[in-house]
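Accompanying notes for the structure given below.
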Amino acid sequence: MTTGRETAATAGTSSLKRRFDRGVKSLTQGRLGQSLVIALPYAWLLLFLLLPILIVLKISLGEIALASPPYTPMLQWAEDRTLSVQIHLGNYAFLWQDPLYLSAYLNSLKVAAVSTVLCLLIGYPMAYGIARAPTGWRIVLLMLVILPFWTSFLIRVYAWIGLLQGNGLINHLLLSVGLIDQPLVLLHTNFAVYLGIVYSYLPFMILPLYATLVRMDLTLLEAAADLGCPPWKAFVTVTLPLSMPGIIAGSLLVFIPAVGEFVIPDLLGGPDSLMIGKVLWTEFFSNRDWPVAAAVAVAMLLLILIPLLLFQRIGERETTRDRG
Amino acid sequence: MTGRRSFWLFTAIAFGYAFLYLPIVTLIVYSFNDSRLVTVWGGFSTRWYVELLQNERILAALWLSVRVAAMTATLSVILGTLAALTLVRFTRFRTRMLFAGMVAAPLVMPEVILGLSGLLMFVTLEQMIGWPPGRGMTTITIAHVTFTSAFVAVIVQSRLSQLDVSLEEAAMDLGARPWKVFLVIILPIISPALVAGWLLGFTLSMDDLVIASFVSGPGATTLPMVVYSSVRLGVSPQVNALATIIVVVVATGVIIAGWLLHRQASRNAQ
């Protein structure tokens, strides 16, 4: 890139030769530097990100064995010195046939989708309010949204245990007011899982929404009002479409981690709140079935890729429409 | 009309912030409760803080977590910055798509997958080449760097793409070598992004339970792992005390950062 510019700059100068030498020098040095800059992160990612995923894929095609590590190898030297490849699709067939896994996948998608919508419903008015607040207040309000994110995620989930449990604060309050005479079962329910996910991921929804809303050109709304458009209609036809990038980004930031969530369903959920992240954890740590855990992981990656590609497709259509 | 709308907006914001902060406030209040029960107020006491500071298991885990997080943050700033430079400056090289995909992948991969795949790789590597010998601090750090450097790359990338290319060109025309341009021009300009990336890497590493649980070995227990095992058994006042300390530290940091940002903004405005 630089060399192209330099060649253009040197054209027509008297000290062409000297400049040319320097160009060659910086070209070779630049190339070496460039390769080093690329090589370090590239090698790290190949070794510690791509290779592990390939290994997961490989192990998911093996069988559980009483060995250390507890799975059968894929490549094996047989006694007659021939290399045999064993591919075992049993784990995937098992995932498909056992209703536990399928319902866990579907439930994860449902929980993540509903939580995303709830986050959007709570987060949009908040982001809108922050973006329209007086300038001095904005930074304070924004800091207050970010602050919980920097504190421990685990501890924020834990806070709800004290609030929701049978002898917890919410039941205590409701009992003393006289709204109920029996403590409600709140902890270890699906309700608690939704609450925990919405609570934990709300900042991720608010921040991108705020970023698009604060950049919005407010004269558009004035123009709409001048032309007799009622505020609600101006919101639906102007503000909402303009904040679409924020809605998409926020939804992705909530949906993707929520699908694979482990901590929240484990601490707040009950036996019936099956989520795929928790299933993988149990398969690995309790059942010690590494091949099935690996197969669950591969299926989960595919599960996340599909909505991701879908979102990307929508995003691309938005940008091409904006350009056209 | 406007009055009614701002009233609704105010209510929405008030409810939103109440939702975000009530659980944290109750944690702080009950960390000073002398009684172990949530429903009973046994009077003001700092006994849980005393117990926390004498709990050697938690202190050892905290020390391990801090070391892992500092190491992770430093390494991920280096790797993330190099990755961001590559993505912004070197737009044409073969397998760039693969590289961009790998940089972004940890942002969308569930932690359980990152943890499981990391562990299976460490086990395989140990079998094949004898490294890493067992699992512990090193393996946790490697796994953490792999996912935090993606976040650093995003932050640095956005800063780099705002950077004025003509500054670099001017330096190059005046004879500066690429590495000198990087040190003298690029580095000072992107330094706020590097600080933000370091802090984010540190926080993400300190906070991670899932990945560390997978890739850790006997003897290497991080702070979230200790908190998780005590929290599974129910409410623990010592964890409340720990939470209060974390919130105070983070709030102080955020207030200082906000003040610095504010000062910088008003200085720029002048």
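By order of appearance in the structure tokens: chains A, B, ..., then residues from 1 within every chain, and ligands from 1 in the order shown.
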Select all residues from chain B having any atom no more than 7 Å from an atom of chain A (counting only C-alpha atoms, ignoring ligands), output as a short mmCIF file (atom, residue, chain, number, x, y, z; two decimals) with N, CA and C atoms, in the first residue's frame.
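Output contents, as saved in part_37.cif:
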data_model
loop_
_atom_site.label_atom_id
_atom_site.label_comp_id
_atom_site.auth_asym_id
_atom_site.auth_seq_id
_atom_site.Cartn_x
_atom_site.Cartn_y
_atom_site.Cartn_z
N LEU B 9 -41.18 8.77 29.83
CA LEU B 9 -39.76 8.43 29.68
C LEU B 9 -39.07 8.41 31.04
N ALA B 12 -39.98 5.26 32.81
CA ALA B 12 -39.27 4.11 32.25
C ALA B 12 -37.83 4.06 32.74
N ILE B 13 -37.19 5.21 32.73
CA ILE B 13 -35.79 5.26 33.17
C ILE B 13 -35.69 4.93 34.65
N GLY B 16 -36.15 1.28 35.14
CA GLY B 16 -34.99 0.58 34.60
C GLY B 16 -33.82 0.59 35.57
N LEU B 20 -31.95 -2.34 37.72
CA LEU B 20 -30.51 -2.62 37.63
C LEU B 20 -29.84 -2.58 39.00
N PRO B 23 -30.99 -5.16 43.20
CA PRO B 23 -30.28 -6.36 43.68
C PRO B 23 -28.91 -6.03 44.26
N ILE B 24 -28.21 -5.08 43.63
CA ILE B 24 -26.86 -4.74 44.10
C ILE B 24 -26.95 -4.05 45.46
N LEU B 27 -27.57 -6.51 48.19
CA LEU B 27 -26.32 -7.22 48.52
C LEU B 27 -25.49 -6.40 49.49
N VAL B 38 -31.56 -13.65 55.47
CA VAL B 38 -31.83 -12.46 54.66
C VAL B 38 -33.00 -11.68 55.25
N THR B 39 -33.96 -12.41 55.85
CA THR B 39 -35.21 -11.76 56.27
C THR B 39 -35.08 -11.09 57.63
N LEU B 79 -1.66 -8.96 21.50
CA LEU B 79 -2.22 -9.74 20.39
C LEU B 79 -3.38 -9.01 19.71
N LEU B 82 -2.12 -6.18 17.49
CA LEU B 82 -1.55 -6.70 16.24
C LEU B 82 -2.66 -7.17 15.30
N ALA B 83 -3.66 -7.85 15.87
CA ALA B 83 -4.76 -8.33 15.04
C ALA B 83 -5.52 -7.16 14.44
N THR B 86 -3.53 -5.59 11.67
CA THR B 86 -3.62 -6.44 10.48
C THR B 86 -4.92 -6.20 9.74
N PHE B 99 -8.70 -15.20 8.78
CA PHE B 99 -8.15 -14.46 9.90
C PHE B 99 -9.22 -13.60 10.57
N MET B 102 -11.55 -15.71 12.53
CA MET B 102 -10.99 -16.23 13.78
C MET B 102 -10.92 -15.14 14.84
N VAL B 108 -18.72 -14.47 19.56
CA VAL B 108 -20.03 -15.09 19.41
C VAL B 108 -20.03 -16.54 19.89
N PRO B 110 -20.18 -19.46 22.57
CA PRO B 110 -20.55 -19.63 23.98
C PRO B 110 -19.32 -20.05 24.79
N VAL B 112 -19.04 -22.13 27.16
CA VAL B 112 -18.86 -23.57 27.38
C VAL B 112 -18.08 -24.21 26.24
N ILE B 113 -18.28 -23.70 25.01
CA ILE B 113 -17.56 -24.28 23.87
C ILE B 113 -16.09 -23.88 23.93
N SER B 117 -13.37 -26.79 24.26
CA SER B 117 -12.40 -26.98 23.19
C SER B 117 -10.99 -26.69 23.70
N GLY B 118 -10.86 -25.69 24.57
CA GLY B 118 -9.54 -25.40 25.14
C GLY B 118 -9.01 -26.58 25.92
N LEU B 120 -9.85 -29.79 25.69
CA LEU B 120 -9.55 -30.96 24.85
C LEU B 120 -8.24 -30.74 24.09
N MET B 121 -7.97 -29.46 23.70
CA MET B 121 -6.71 -29.20 23.02
C MET B 121 -5.52 -29.39 23.97
N THR B 146 -7.06 -15.98 24.56
CA THR B 146 -7.69 -16.28 23.29
C THR B 146 -9.04 -15.58 23.16
N ARG B 177 10.72 5.03 9.49
CA ARG B 177 10.50 3.62 9.19
C ARG B 177 9.13 3.21 9.75
N PRO B 178 8.54 2.13 9.18
CA PRO B 178 7.21 1.71 9.66
C PRO B 178 7.14 1.52 11.17
N THR B 203 -11.00 -7.30 33.44
CA THR B 203 -12.31 -7.58 34.03
C THR B 203 -12.88 -8.90 33.52
N ASP B 207 -13.64 -12.19 35.86
CA ASP B 207 -15.04 -12.53 36.01
C ASP B 207 -15.36 -13.93 35.51
N VAL B 231 -21.74 -20.28 46.54
CA VAL B 231 -23.05 -19.74 46.21
C VAL B 231 -24.05 -20.85 45.88
N ARG B 232 -23.55 -21.94 45.34
CA ARG B 232 -24.44 -23.07 45.00
C ARG B 232 -25.16 -23.59 46.24
N VAL B 235 -27.31 -18.60 50.10
CA VAL B 235 -26.79 -17.27 50.39
C VAL B 235 -25.63 -17.36 51.38
N ALA B 243 -18.87 -8.96 47.38
CA ALA B 243 -19.57 -8.20 46.34
C ALA B 243 -19.51 -6.71 46.63
N ILE B 246 -16.14 -5.39 45.70
CA ILE B 246 -15.99 -5.29 44.24
C ILE B 246 -16.74 -4.07 43.71
N VAL B 247 -17.99 -3.89 44.18
CA VAL B 247 -18.79 -2.76 43.68
C VAL B 247 -18.11 -1.44 44.03
N VAL B 250 -15.05 -1.00 41.71
CA VAL B 250 -15.45 -0.70 40.33
C VAL B 250 -16.06 0.69 40.24
N ALA B 251 -16.92 1.04 41.20
CA ALA B 251 -17.57 2.35 41.15
C ALA B 251 -16.53 3.46 41.23
N VAL B 254 -14.92 3.66 37.83
CA VAL B 254 -15.79 4.24 36.81
C VAL B 254 -15.94 5.74 37.04
#
Helix (DSSP H, G or I) per DSSP on the backbone: members of stretch 106-266 of chain A, as an MDAnalysis selection string: chainID A and resid 106:131 135:150 153:164 169:177 190:214 219:226 231:242 244:259 263:266
Contacts of A:Val292 within 12 Å, only C-alpha atoms, excl. fewer than 5 positions in-chain, as a PyMOL selection string: (chain A and resi 56-65+70-71+88-96+98+101+279-285+287+297-299) or (chain B and resi 116)
Got time to write the residues from that selection, C-alpha atoms, as a PDB file, in the first residue's frame?
ATOM      1  CA  VAL A  56     -13.619 -31.134  19.402  1.00  0.00           C
ATOM      2  CA  LEU A  57     -14.908 -32.221  15.996  1.00  0.00           C
ATOM      3  CA  LYS A  58     -12.536 -35.182  16.013  1.00  0.00           C
ATOM      4  CA  ILE A  59     -13.422 -36.313  19.523  1.00  0.00           C
ATOM      5  CA  SER A  60     -17.133 -35.990  18.814  1.00  0.00           C
ATOM      6  CA  LEU A  61     -16.572 -38.749  16.247  1.00  0.00           C
ATOM      7  CA  GLY A  62     -15.046 -41.072  18.833  1.00  0.00           C
ATOM      8  CA  GLU A  63     -16.503 -43.298  21.497  1.00  0.00           C
ATOM      9  CA  ILE A  64     -16.330 -43.118  25.258  1.00  0.00           C
ATOM     10  CA  ALA A  65     -13.668 -45.458  26.623  1.00  0.00           C
ATOM     11  CA  PRO A  70     -11.649 -41.162  28.114  1.00  0.00           C
ATOM     12  CA  TYR A  71     -12.322 -41.615  24.408  1.00  0.00           C
ATOM     13  CA  HIS A  88     -18.213 -43.054  14.903  1.00  0.00           C
ATOM     14  CA  LEU A  89     -21.387 -41.109  14.233  1.00  0.00           C
ATOM     15  CA  GLY A  90     -23.152 -42.677  17.205  1.00  0.00           C
ATOM     16  CA  ASN A  91     -22.903 -39.548  19.356  1.00  0.00           C
ATOM     17  CA  TYR A  92     -24.825 -37.456  16.849  1.00  0.00           C
ATOM     18  CA  ALA A  93     -27.444 -40.194  16.393  1.00  0.00           C
ATOM     19  CA  PHE A  94     -27.722 -40.303  20.174  1.00  0.00           C
ATOM     20  CA  LEU A  95     -28.273 -36.527  20.382  1.00  0.00           C
ATOM     21  CA  TRP A  96     -30.910 -36.759  17.707  1.00  0.00           C
ATOM     22  CA  ASP A  98     -32.694 -38.702  22.896  1.00  0.00           C
ATOM     23  CA  TYR A 101     -31.005 -32.894  23.855  1.00  0.00           C
ATOM     24  CA  VAL A 279     -26.451 -30.002  29.422  1.00  0.00           C
ATOM     25  CA  LEU A 280     -22.920 -29.770  28.003  1.00  0.00           C
ATOM     26  CA  TRP A 281     -21.536 -28.932  31.458  1.00  0.00           C
ATOM     27  CA  THR A 282     -23.324 -31.908  33.067  1.00  0.00           C
ATOM     28  CA  GLU A 283     -22.306 -34.257  30.266  1.00  0.00           C
ATOM     29  CA  PHE A 284     -18.704 -33.263  30.766  1.00  0.00           C
ATOM     30  CA  PHE A 285     -18.317 -32.792  34.521  1.00  0.00           C
ATOM     31  CA  ASN A 287     -21.195 -37.996  33.284  1.00  0.00           C
ATOM     32  CA  ALA A 297     -20.639 -28.507  21.397  1.00  0.00           C
ATOM     33  CA  VAL A 298     -20.506 -29.050  17.617  1.00  0.00           C
ATOM     34  CA  ALA A 299     -24.297 -29.050  17.369  1.00  0.00           C
TER      35      ALA A 299
ATOM     36  CA  LEU B 116     -14.420 -27.451  26.382  1.00  0.00           C
TER      37      LEU B 116
END
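Distances to B:Ala212 were evaluated for B:Ile140, B:Leu242, B:Val50, B:Ala100 using only C-alpha atoms, and the minimum falls at B:Ile140.
The residue set within 8 Å of B:Ala84, counting only C-alpha atoms and dropping same-chain residues fewer than 6 places from it, reads Ala153, Val154, Val156, Gln157 and Leu160 of chain B.
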Resulting file, chosen residues, C-alpha atoms, as an mmCIF file, in the first residue's frame:
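Wrote it out as again_31.cif, contents follow:
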data_model
loop_
_atom_site.group_PDB
_atom_site.id
_atom_site.type_symbol
_atom_site.label_atom_id
_atom_site.label_comp_id
_atom_site.auth_asym_id
_atom_site.auth_seq_id
_atom_site.Cartn_x
_atom_site.Cartn_y
_atom_site.Cartn_z
ATOM 1 C CA ALA B 153 -9.151 -6.121 18.761
ATOM 2 C CA VAL B 154 -12.643 -4.651 18.360
ATOM 3 C CA VAL B 156 -8.427 -0.937 18.910
ATOM 4 C CA GLN B 157 -9.861 -1.518 15.434
ATOM 5 C CA LEU B 160 -7.458 2.757 14.252
#
Members of stretch 55-182 of chain A assigned strand (DSSP E or B) by DSSP, as a ChimeraX atom specification: /A:64,71,75-77,83-85
What's the 7 Å shell around B:Asn240, counting only C-alpha atoms, without same-chain residues fewer than 3 positions away, as a CSV table (one decimal) with N, CA and C atoms, in the first residue's frame?
chain,number,residue,atom,x,y,z
B,27,LEU,N,-27.6,-6.5,48.2
B,27,LEU,CA,-26.3,-7.2,48.5
B,27,LEU,C,-25.5,-6.4,49.5
B,28,ILE,N,-25.4,-5.1,49.2
B,28,ILE,CA,-24.5,-4.3,50.0
B,28,ILE,C,-25.1,-4.1,51.4
B,30,TYR,N,-27.1,-6.1,53.0
B,30,TYR,CA,-27.1,-7.3,53.9
B,30,TYR,C,-25.7,-7.8,54.2
B,31,SER,N,-24.7,-7.2,53.5
B,31,SER,CA,-23.3,-7.5,53.9
B,31,SER,C,-23.0,-7.0,55.3
B,236,SER,N,-24.6,-16.6,51.1
B,236,SER,CA,-23.4,-16.6,52.0
B,236,SER,C,-23.0,-15.2,52.3
B,237,PRO,N,-23.1,-14.8,53.5
B,237,PRO,CA,-22.8,-13.4,53.9
B,237,PRO,C,-21.4,-12.9,53.5
B,243,ALA,N,-18.9,-9.0,47.4
B,243,ALA,CA,-19.6,-8.2,46.3
B,243,ALA,C,-19.5,-6.7,46.6
B,244,THR,N,-19.7,-6.3,47.9
B,244,THR,CA,-19.7,-4.9,48.3
B,244,THR,C,-18.3,-4.3,47.9
